[in-house]
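To start, the structure itself, in structure tokens.
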Amino acid sequence: MKRAWNLPILLVLCGSAGAAGLILGGSTGAAVVLLLVFLLLAGVHSPLVFPRPVGALEAERRSAADGRPVVYWRPGCTYCLRLRIRLGREARRLHWVDIWRDPAGAAVVRAANQGDETVPTVVVAGRPHTNPDPAWVREQLTG
């Protein structure tokens, strides 16, 4: 779970260091802007922008009950972030599994992708789809 926060923490530290340098140079306004940009980037790359993850077994059980897709993802993945942003509020209707928190979820992804942990991997009706188009994923919610 710790590595999910490595990139956001690094971004906050870099932004803070850059802002401190700008403040020492007399550019307080630029320092504030730089720090805000880095804080925004850290927030976007953190697990906070994704719906609360569940374990792979629980996600599969819920999906079998309600027919909604299961999304296997990991923090810091740009394709996962793209999917999350493009789905908007609809993202809450999916079952999200963070493969860095759940070894069973990582195993599902490796099995679906010839041993690679390629995410996002979306499982619909038991069939995995690697990095699907967000519009297609949205269609799976209405079908």
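Scheme for the structure tokens: letters A, B, ... for chains in order shown; per-chain residue numbers from 1; ligand numbers from 1 in order shown.
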Which residues are near stretch 17-20 of chain A? Cut-off 9 Å, only C-alpha atoms, ignore same chain within fewer than 6 positions. Put them as a PyMOL selection string.
chain A and resi 27-28+30-35
Could you write those residues out with all heavy atoms, as a CSV table (one decimal), in the first residue's frame?
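Below is the file again_5.csv, written as the result:
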chain,number,residue,atom,x,y,z
A,27,SER,N,10.1,35.5,-5.2
A,27,SER,CA,8.9,35.3,-6.0
A,27,SER,C,7.8,34.5,-5.3
A,27,SER,O,7.6,33.3,-5.6
A,27,SER,CB,9.3,34.6,-7.3
A,27,SER,OG,10.2,35.3,-8.1
A,28,THR,N,7.2,35.1,-4.4
A,28,THR,CA,6.2,34.4,-3.6
A,28,THR,C,5.0,34.0,-4.4
A,28,THR,O,4.5,32.9,-4.2
A,28,THR,CB,5.7,35.3,-2.4
A,28,THR,OG1,6.8,35.8,-1.7
A,28,THR,CG2,4.8,34.6,-1.5
A,30,ALA,N,4.8,33.2,-7.6
A,30,ALA,CA,5.2,32.1,-8.4
A,30,ALA,C,5.3,30.8,-7.6
A,30,ALA,O,5.0,29.7,-8.0
A,30,ALA,CB,6.5,32.4,-9.2
A,31,ALA,N,5.8,31.0,-6.4
A,31,ALA,CA,6.0,29.8,-5.5
A,31,ALA,C,4.6,29.2,-5.1
A,31,ALA,O,4.5,28.0,-5.1
A,31,ALA,CB,6.7,30.3,-4.2
A,32,VAL,N,3.6,30.1,-4.9
A,32,VAL,CA,2.3,29.6,-4.5
A,32,VAL,C,1.7,28.8,-5.7
A,32,VAL,O,1.1,27.7,-5.6
A,32,VAL,CB,1.4,30.8,-4.1
A,32,VAL,CG1,-0.1,30.3,-4.0
A,32,VAL,CG2,1.8,31.3,-2.8
A,33,VAL,N,1.8,29.4,-6.9
A,33,VAL,CA,1.3,28.8,-8.1
A,33,VAL,C,2.0,27.4,-8.4
A,33,VAL,O,1.3,26.4,-8.6
A,33,VAL,CB,1.5,29.7,-9.4
A,33,VAL,CG1,1.2,28.9,-10.7
A,33,VAL,CG2,0.6,30.9,-9.2
A,34,LEU,N,3.3,27.4,-8.3
A,34,LEU,CA,4.1,26.1,-8.5
A,34,LEU,C,3.6,25.1,-7.4
A,34,LEU,O,3.4,23.9,-7.8
A,34,LEU,CB,5.6,26.4,-8.3
A,34,LEU,CG,6.4,25.2,-8.5
A,34,LEU,CD1,6.4,24.7,-10.0
A,34,LEU,CD2,7.9,25.4,-8.1
A,35,LEU,N,3.5,25.5,-6.2
A,35,LEU,CA,3.1,24.5,-5.2
A,35,LEU,C,1.7,24.0,-5.4
A,35,LEU,O,1.4,22.8,-5.3
A,35,LEU,CB,3.2,25.2,-3.8
A,35,LEU,CG,2.9,24.2,-2.6
A,35,LEU,CD1,3.9,23.0,-2.6
A,35,LEU,CD2,3.0,25.0,-1.3
Per-residue DSSP, stretch 56-97 of chain A, filtered to helix (DSSP H, G or I), as a list in words:
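DSSP on the backbone gives helix (DSSP H, G or I) at Ala56, Leu57, Glu58, Ala59, Glu60, Arg61, Arg62, Ser63, Ala64, Ala65, Asp66, Thr78, Tyr79, Cys80, Leu81, Arg82, Leu83, Arg84, Ile85, Arg86, Leu87, Gly88, Arg89, Glu90, Ala91, Arg92 and Arg93 of chain A.
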Just write the chosen residues, N, CA and C atoms, as a PDB file, in the first residue's frame.
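What follows is the written file out.pdb:
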ATOM      1  N   ALA A  56     -10.374  -8.437  -4.851  1.00  0.00           N
ATOM      2  CA  ALA A  56     -10.765  -9.106  -6.092  1.00  0.00           C
ATOM      3  C   ALA A  56     -11.912 -10.084  -5.868  1.00  0.00           C
ATOM      4  N   LEU A  57     -11.838 -10.852  -4.813  1.00  0.00           N
ATOM      5  CA  LEU A  57     -12.894 -11.836  -4.556  1.00  0.00           C
ATOM      6  C   LEU A  57     -14.233 -11.162  -4.285  1.00  0.00           C
ATOM      7  N   GLU A  58     -14.208 -10.090  -3.495  1.00  0.00           N
ATOM      8  CA  GLU A  58     -15.434  -9.352  -3.214  1.00  0.00           C
ATOM      9  C   GLU A  58     -15.971  -8.688  -4.485  1.00  0.00           C
ATOM     10  N   ALA A  59     -15.091  -8.130  -5.317  1.00  0.00           N
ATOM     11  CA  ALA A  59     -15.515  -7.493  -6.568  1.00  0.00           C
ATOM     12  C   ALA A  59     -16.154  -8.518  -7.501  1.00  0.00           C
ATOM     13  N   GLU A  60     -15.551  -9.708  -7.584  1.00  0.00           N
ATOM     14  CA  GLU A  60     -16.123 -10.755  -8.437  1.00  0.00           C
ATOM     15  C   GLU A  60     -17.490 -11.189  -7.922  1.00  0.00           C
ATOM     16  N   ARG A  61     -17.625 -11.299  -6.603  1.00  0.00           N
ATOM     17  CA  ARG A  61     -18.910 -11.677  -6.012  1.00  0.00           C
ATOM     18  C   ARG A  61     -19.975 -10.615  -6.314  1.00  0.00           C
ATOM     19  N   ARG A  62     -19.605  -9.353  -6.126  1.00  0.00           N
ATOM     20  CA  ARG A  62     -20.554  -8.265  -6.399  1.00  0.00           C
ATOM     21  C   ARG A  62     -20.915  -8.198  -7.877  1.00  0.00           C
ATOM     22  N   SER A  63     -19.926  -8.388  -8.736  1.00  0.00           N
ATOM     23  CA  SER A  63     -20.169  -8.342 -10.173  1.00  0.00           C
ATOM     24  C   SER A  63     -21.106  -9.465 -10.613  1.00  0.00           C
ATOM     25  N   ALA A  64     -20.933 -10.638 -10.021  1.00  0.00           N
ATOM     26  CA  ALA A  64     -21.820 -11.760 -10.349  1.00  0.00           C
ATOM     27  C   ALA A  64     -23.252 -11.450  -9.926  1.00  0.00           C
ATOM     28  N   ALA A  65     -23.403 -10.707  -8.836  1.00  0.00           N
ATOM     29  CA  ALA A  65     -24.730 -10.377  -8.325  1.00  0.00           C
ATOM     30  C   ALA A  65     -25.410  -9.263  -9.122  1.00  0.00           C
ATOM     31  N   ASP A  66     -24.636  -8.221  -9.493  1.00  0.00           N
ATOM     32  CA  ASP A  66     -25.269  -7.071 -10.149  1.00  0.00           C
ATOM     33  C   ASP A  66     -24.895  -6.892 -11.621  1.00  0.00           C
ATOM     34  N   THR A  78      -1.503   6.222 -15.872  1.00  0.00           N
ATOM     35  CA  THR A  78      -2.174   7.275 -16.644  1.00  0.00           C
ATOM     36  C   THR A  78      -3.406   6.751 -17.374  1.00  0.00           C
ATOM     37  N   TYR A  79      -3.352   5.515 -17.827  1.00  0.00           N
ATOM     38  CA  TYR A  79      -4.502   4.953 -18.534  1.00  0.00           C
ATOM     39  C   TYR A  79      -5.661   4.711 -17.571  1.00  0.00           C
ATOM     40  N   CYS A  80      -5.344   4.324 -16.331  1.00  0.00           N
ATOM     41  CA  CYS A  80      -6.377   4.158 -15.312  1.00  0.00           C
ATOM     42  C   CYS A  80      -7.001   5.512 -14.977  1.00  0.00           C
ATOM     43  N   LEU A  81      -6.167   6.527 -14.872  1.00  0.00           N
ATOM     44  CA  LEU A  81      -6.651   7.874 -14.590  1.00  0.00           C
ATOM     45  C   LEU A  81      -7.537   8.370 -15.728  1.00  0.00           C
ATOM     46  N   ARG A  82      -7.122   8.107 -16.951  1.00  0.00           N
ATOM     47  CA  ARG A  82      -7.921   8.498 -18.126  1.00  0.00           C
ATOM     48  C   ARG A  82      -9.290   7.835 -18.063  1.00  0.00           C
ATOM     49  N   LEU A  83      -9.312   6.532 -17.762  1.00  0.00           N
ATOM     50  CA  LEU A  83     -10.579   5.817 -17.667  1.00  0.00           C
ATOM     51  C   LEU A  83     -11.441   6.415 -16.560  1.00  0.00           C
ATOM     52  N   ARG A  84     -10.841   6.671 -15.411  1.00  0.00           N
ATOM     53  CA  ARG A  84     -11.586   7.211 -14.271  1.00  0.00           C
ATOM     54  C   ARG A  84     -12.186   8.575 -14.592  1.00  0.00           C
ATOM     55  N   ILE A  85     -11.398   9.443 -15.195  1.00  0.00           N
ATOM     56  CA  ILE A  85     -11.875  10.793 -15.512  1.00  0.00           C
ATOM     57  C   ILE A  85     -12.957  10.752 -16.582  1.00  0.00           C
ATOM     58  N   ARG A  86     -12.764   9.943 -17.605  1.00  0.00           N
ATOM     59  CA  ARG A  86     -13.745   9.875 -18.697  1.00  0.00           C
ATOM     60  C   ARG A  86     -15.067   9.245 -18.252  1.00  0.00           C
ATOM     61  N   LEU A  87     -15.022   8.382 -17.241  1.00  0.00           N
ATOM     62  CA  LEU A  87     -16.262   7.782 -16.746  1.00  0.00           C
ATOM     63  C   LEU A  87     -17.047   8.742 -15.864  1.00  0.00           C
ATOM     64  N   GLY A  88     -16.348   9.703 -15.265  1.00  0.00           N
ATOM     65  CA  GLY A  88     -17.020  10.682 -14.408  1.00  0.00           C
ATOM     66  C   GLY A  88     -17.734  10.018 -13.253  1.00  0.00           C
ATOM     67  N   ARG A  89     -18.976  10.444 -13.011  1.00  0.00           N
ATOM     68  CA  ARG A  89     -19.745   9.901 -11.890  1.00  0.00           C
ATOM     69  C   ARG A  89     -20.081   8.423 -12.074  1.00  0.00           C
ATOM     70  N   GLU A  90     -20.111   7.968 -13.309  1.00  0.00           N
ATOM     71  CA  GLU A  90     -20.422   6.562 -13.580  1.00  0.00           C
ATOM     72  C   GLU A  90     -19.376   5.619 -12.983  1.00  0.00           C
ATOM     73  N   ALA A  91     -18.187   6.141 -12.707  1.00  0.00           N
ATOM     74  CA  ALA A  91     -17.103   5.307 -12.167  1.00  0.00           C
ATOM     75  C   ALA A  91     -17.502   4.672 -10.840  1.00  0.00           C
ATOM     76  N   ARG A  92     -18.355   5.334 -10.092  1.00  0.00           N
ATOM     77  CA  ARG A  92     -18.780   4.799  -8.791  1.00  0.00           C
ATOM     78  C   ARG A  92     -19.602   3.529  -8.928  1.00  0.00           C
ATOM     79  N   ARG A  93     -20.167   3.312 -10.091  1.00  0.00           N
ATOM     80  CA  ARG A  93     -21.000   2.126 -10.299  1.00  0.00           C
ATOM     81  C   ARG A  93     -20.180   0.874 -10.591  1.00  0.00           C
TER      82      ARG A  93
END
Can you work out which one of A:Leu94, A:Leu36, A:Ala107, A:Val70 has the shortest atom-to-atom distance to A:Arg127, counting only C-alpha atoms?
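Smallest separation from A:Arg127 among the options: A:Val70.
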Rounded to one decimal in Å, what is the spacing between atom CA of A:Pro75 and atom CA of A:Ile9?
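Atom CA of A:Ile9 lies 12.4 Å from atom CA of A:Pro75.
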Write out as an NGL selection string all residues of stretch 30-105 of chain A that DSSP puts in strand (DSSP E) for this structure's backbone.
:A and (70-73 or 95-98)
Create the file for the chosen residues now, containing N, CA and C atoms and written as a tab-separated table (two decimals), in the first residue's frame.
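Once everything was written out, this is out.tsv:
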chain	number	residue	atom	x	y	z
A	70	VAL	N	-15.81	-5.16	-13.38
A	70	VAL	CA	-14.76	-5.02	-12.38
A	70	VAL	C	-13.57	-4.37	-13.06
A	71	VAL	N	-13.03	-3.31	-12.47
A	71	VAL	CA	-11.87	-2.61	-13.02
A	71	VAL	C	-10.67	-2.88	-12.12
A	72	TYR	N	-9.63	-3.47	-12.70
A	72	TYR	CA	-8.37	-3.69	-11.99
A	72	TYR	C	-7.46	-2.53	-12.38
A	73	TRP	N	-6.91	-1.82	-11.40
A	73	TRP	CA	-6.13	-0.61	-11.65
A	73	TRP	C	-5.01	-0.52	-10.62
A	95	HIS	N	-16.87	-1.81	-9.93
A	95	HIS	CA	-16.15	-2.38	-8.79
A	95	HIS	C	-14.66	-2.24	-9.07
A	96	TRP	N	-13.95	-1.45	-8.26
A	96	TRP	CA	-12.55	-1.13	-8.49
A	96	TRP	C	-11.66	-1.96	-7.58
A	97	VAL	N	-10.63	-2.58	-8.17
A	97	VAL	CA	-9.67	-3.39	-7.42
A	97	VAL	C	-8.28	-2.81	-7.65
A	98	ASP	N	-7.65	-2.35	-6.58
A	98	ASP	CA	-6.29	-1.81	-6.64
A	98	ASP	C	-5.33	-2.99	-6.56
With a distance cut-off of 9 Å and only C-alpha atoms, select the neighbouring residues of A:Cys77, excluding the residue or stretch itself and same-chain residues fewer than 5 positions from it, and output the selection as a ChimeraX atom specification.
/A:45,82,119-120
Go ahead and write the selection's residues with N, CA, C and O atoms as an mmCIF file, in the first residue's frame.
data_model
loop_
_atom_site.group_PDB
_atom_site.id
_atom_site.type_symbol
_atom_site.label_atom_id
_atom_site.label_comp_id
_atom_site.auth_asym_id
_atom_site.auth_seq_id
_atom_site.Cartn_x
_atom_site.Cartn_y
_atom_site.Cartn_z
ATOM 1 N N HIS A 45 -2.688 11.843 -9.008
ATOM 2 C CA HIS A 45 -1.968 10.568 -9.065
ATOM 3 C C HIS A 45 -2.078 9.752 -7.782
ATOM 4 O O HIS A 45 -1.431 8.721 -7.642
ATOM 5 N N ARG A 82 -7.122 8.107 -16.951
ATOM 6 C CA ARG A 82 -7.921 8.498 -18.126
ATOM 7 C C ARG A 82 -9.290 7.835 -18.063
ATOM 8 O O ARG A 82 -10.319 8.482 -18.275
ATOM 9 N N VAL A 119 -2.720 -2.571 -16.748
ATOM 10 C CA VAL A 119 -3.978 -2.009 -16.270
ATOM 11 C C VAL A 119 -4.301 -0.742 -17.049
ATOM 12 O O VAL A 119 -3.398 -0.147 -17.627
ATOM 13 N N PRO A 120 -5.540 -0.337 -17.127
ATOM 14 C CA PRO A 120 -6.683 -0.975 -16.516
ATOM 15 C C PRO A 120 -7.095 -2.233 -17.283
ATOM 16 O O PRO A 120 -7.070 -2.266 -18.509
#
Straight-line distance linking atom CA of A:Gly76 with atom CA of A:Pro47, stated in Å to one decimal
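Separating atom CA of A:Gly76 from atom CA of A:Pro47 is a distance of 8.2 Å.
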Please list as a ChimeraX atom specification every residue within 9 Å of stretch 111-116 of chain A, counting only C-alpha atoms and excluding residues in the same chain fewer than 2 positions away.
/A:106-109,118,121,127-130
Dump as a PDB file, in the first residue's frame, selection limited to C-alpha atoms:
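Output (out39.pdb):
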ATOM      1  CA  ALA A 106      -2.778  -8.670  -9.402  1.00  0.00           C
ATOM      2  CA  ALA A 107      -2.974 -12.410 -10.125  1.00  0.00           C
ATOM      3  CA  VAL A 108      -6.202 -11.919 -12.095  1.00  0.00           C
ATOM      4  CA  VAL A 109      -4.542  -9.204 -14.193  1.00  0.00           C
ATOM      5  CA  THR A 118      -1.256  -4.274 -17.588  1.00  0.00           C
ATOM      6  CA  THR A 121      -8.049  -4.443 -17.088  1.00  0.00           C
ATOM      7  CA  ARG A 127     -14.138 -11.769 -19.939  1.00  0.00           C
ATOM      8  CA  PRO A 128     -11.102  -9.498 -19.443  1.00  0.00           C
ATOM      9  CA  HIS A 129     -10.548  -6.431 -21.626  1.00  0.00           C
ATOM     10  CA  THR A 130      -7.212  -4.628 -21.362  1.00  0.00           C
TER      11      THR A 130
END
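The gap separating atom CA of A:Ala125 from atom CA of A:Val137 is 12.3 Å, in Å to one decimal.
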